[in-house]
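Participant: Handing you this structure, nothing more for now.
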Amino acid sequence: MKLSSLTNQDCSKAAVLFNSKKRILEFISELAHEQLPHLSQQDILNALLNREKLGSTGIGRGIAIPHGRMSGADQPHAFVIVSESPINFDAIDNRPVDIFVALIVPDGDCQLHLKTLSTIADRLKDKEFCKQLRSAKTDSDLFKVIASEA
């Protein structure tokens, strides 16, 4: 499984500017609802917020993988957002976050959920890949970086 198989150009947003964890999660839920209109924006936001209540999805090095399980999702969907300025996200290393790879995954399929999270976390370990994500200035450039993965 590749990150590029979970997303598309409309789900890739470069150089966004938000100043809070709640606002970036609201933006992700708006974006997810646009791509998955059968899922309520509020339900998506609630799923993301409920997961954050269990512990921050900020994994360190300026990266977060907010995710939520949704009963109406038929397959995993990823949304890649790069913030122009890092924001406080309560990450495990206490560093602000500028790369967000949000996931909406089907509820009830734990194996698929874990495999998807693992795939994304492994891809984000690549420092050069993260550098390229951070360098993208347009949505199109950002998606080209994602689509060019080996």
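Chain lettering (A, B, ...) mirrors the order of the structure tokens, residue numbering begins at 1 for each chain separately, and ligand numbering begins at 1 in order of display.
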Quick one: residues within 8 Å of region 54-58 of chain A, only C-alpha atoms counted, chain neighbours fewer than 5 positions away excluded, as an mmCIF file with N, CA, C and O atoms, in the first residue's frame?
Facilitator:
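That gives us around-v3.cif:
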```cif
data_model
loop_
_atom_site.group_PDB
_atom_site.id
_atom_site.type_symbol
_atom_site.label_atom_id
_atom_site.label_comp_id
_atom_site.auth_asym_id
_atom_site.auth_seq_id
_atom_site.Cartn_x
_atom_site.Cartn_y
_atom_site.Cartn_z
ATOM 1 N N ILE A 63 5.267 16.141 12.741
ATOM 2 C CA ILE A 63 4.321 15.318 11.989
ATOM 3 C C ILE A 63 3.193 14.847 12.896
ATOM 4 O O ILE A 63 3.420 14.462 14.041
ATOM 5 N N ALA A 64 1.964 14.858 12.348
ATOM 6 C CA ALA A 64 0.810 14.291 13.047
ATOM 7 C C ALA A 64 0.009 13.441 12.062
ATOM 8 O O ALA A 64 -0.051 13.736 10.863
ATOM 9 N N ILE A 65 -0.594 12.383 12.605
ATOM 10 C CA ILE A 65 -1.451 11.511 11.796
ATOM 11 C C ILE A 65 -2.817 11.418 12.480
ATOM 12 O O ILE A 65 -3.182 10.391 13.059
ATOM 13 N N PRO A 66 -3.590 12.517 12.439
ATOM 14 C CA PRO A 66 -4.934 12.452 13.031
ATOM 15 C C PRO A 66 -5.780 11.455 12.242
ATOM 16 O O PRO A 66 -5.664 11.374 11.019
ATOM 17 N N HIS A 67 -6.572 10.672 12.950
ATOM 18 C CA HIS A 67 -7.376 9.676 12.258
ATOM 19 C C HIS A 67 -8.650 9.378 13.028
ATOM 20 O O HIS A 67 -8.727 9.605 14.232
ATOM 21 N N PHE A 89 0.428 21.039 18.620
ATOM 22 C CA PHE A 89 -0.491 19.914 18.440
ATOM 23 C C PHE A 89 -0.341 18.889 19.563
ATOM 24 O O PHE A 89 -0.799 17.768 19.457
ATOM 25 N N ASP A 90 0.333 19.279 20.638
ATOM 26 C CA ASP A 90 0.557 18.377 21.769
ATOM 27 C C ASP A 90 1.284 17.105 21.340
ATOM 28 O O ASP A 90 0.990 16.013 21.837
ATOM 29 N N ALA A 91 2.223 17.238 20.406
ATOM 30 C CA ALA A 91 2.963 16.081 19.897
ATOM 31 C C ALA A 91 3.819 15.461 21.000
ATOM 32 O O ALA A 91 4.160 16.124 21.985
ATOM 33 N N ILE A 92 4.191 14.208 20.808
ATOM 34 C CA ILE A 92 4.935 13.493 21.847
ATOM 35 C C ILE A 92 6.295 14.114 22.141
ATOM 36 O O ILE A 92 6.819 13.948 23.235
ATOM 37 N N VAL A 97 3.671 21.146 14.898
ATOM 38 C CA VAL A 97 3.449 20.261 13.753
ATOM 39 C C VAL A 97 3.122 21.071 12.505
ATOM 40 O O VAL A 97 2.350 22.028 12.564
#
```
Participant: Go through region 2-149 of chain A and collect every residue that DSSP, computed from the backbone, puts in helix (DSSP H, G or I); the answer should be as a ChimeraX atom specification.
Facilitator: /A:3-6,9-11,21-35,41-54,110-123,127-135,139-147
Participant: Measure the distance from CA of Val145 (chain A) to CA of Gln132 (chain A) in Å and round it to one decimal.
Facilitator: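 CA of Gln132 (chain A) lies 6.6 Å from CA of Val145 (chain A).
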Participant: Which is closer to Ile120 (chain A) than all the others in A:Asp10, A:Ile87, A:Asp141, A:Ile59, using only C-alpha atoms?
Facilitator: A:Ile59
Participant: Find, counting only C-alpha atoms, the residue in A:Ile104, A:Val82, A:Asp93, A:Arg123 that gets nearest to Ala47 (chain A).
Facilitator: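 Nearest candidate to Ala47 (chain A) out of A:Ile104, A:Val82, A:Asp93, A:Arg123: A:Ile104.
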Participant: In Å, with one decimal, what is the gap from CA of His33 (chain A) to CA of Ser148 (chain A)?
Facilitator: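 Going from CA of His33 (chain A) over to CA of Ser148 (chain A), I get 26.1 Å.
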Participant: What's around Ala32 (chain A) at 12 Å? Count only C-alpha atoms, leave out sequence neighbours fewer than 2 positions away in its own chain, and write the answer as a ChimeraX atom specification.
Facilitator: /A:7-8,10-13,25-30,34-45,47-48,67-68,70,73,76-81,101-105
Participant: What gap, in Å, lies between CA of Phe143 (chain A) and CA of Leu3 (chain A)?
Facilitator: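 Calculated distance between CA of Phe143 (chain A) and CA of Leu3 (chain A) is 10.5 Å.
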Participant: Taking 5 positions as the minimum chain separation for residues in the same chain, which residues sit within 10 Å of Phe18 (chain A) when counting only C-alpha atoms? Answer as a compact mmCIF listing (two decimals) with N, CA and C atoms, in the first residue's frame.
Facilitator:
```
# COMPACT_ATOMS: atom_id res chain seq x y z
N ARG A 23 -8.68 24.12 14.94
CA ARG A 23 -8.97 24.68 13.61
C ARG A 23 -8.44 23.80 12.48
N ILE A 24 -7.27 23.20 12.66
CA ILE A 24 -6.75 22.32 11.62
C ILE A 24 -7.62 21.06 11.52
N LEU A 25 -8.11 20.56 12.65
CA LEU A 25 -9.01 19.41 12.61
C LEU A 25 -10.34 19.76 11.96
N PHE A 27 -10.64 22.02 9.59
CA PHE A 27 -10.32 22.09 8.17
C PHE A 27 -10.26 20.69 7.56
N SER A 83 1.13 22.78 6.74
CA SER A 83 0.89 24.12 7.27
C SER A 83 2.08 25.02 6.98
N GLU A 84 1.79 26.24 6.59
CA GLU A 84 2.84 27.22 6.33
C GLU A 84 3.66 27.50 7.59
N SER A 85 2.95 27.55 8.72
CA SER A 85 3.61 27.74 10.01
C SER A 85 3.20 26.58 10.92
N PRO A 86 4.16 25.96 11.60
CA PRO A 86 3.83 24.87 12.51
C PRO A 86 2.91 25.35 13.64
N ILE A 87 2.04 24.44 14.09
CA ILE A 87 1.11 24.77 15.18
C ILE A 87 1.30 23.80 16.34
N ASP A 98 3.71 20.67 11.38
CA ASP A 98 3.38 21.30 10.10
C ASP A 98 2.98 20.29 9.02
```
Participant: Give me the residues near Leu142 (chain A) as a PyMOL selection string, where near means some atom within 7 Å (using only C-alpha atoms) and where sequence neighbours in that chain fewer than 5 positions away do not count.
Facilitator: chain A and resi 12+14+133+136
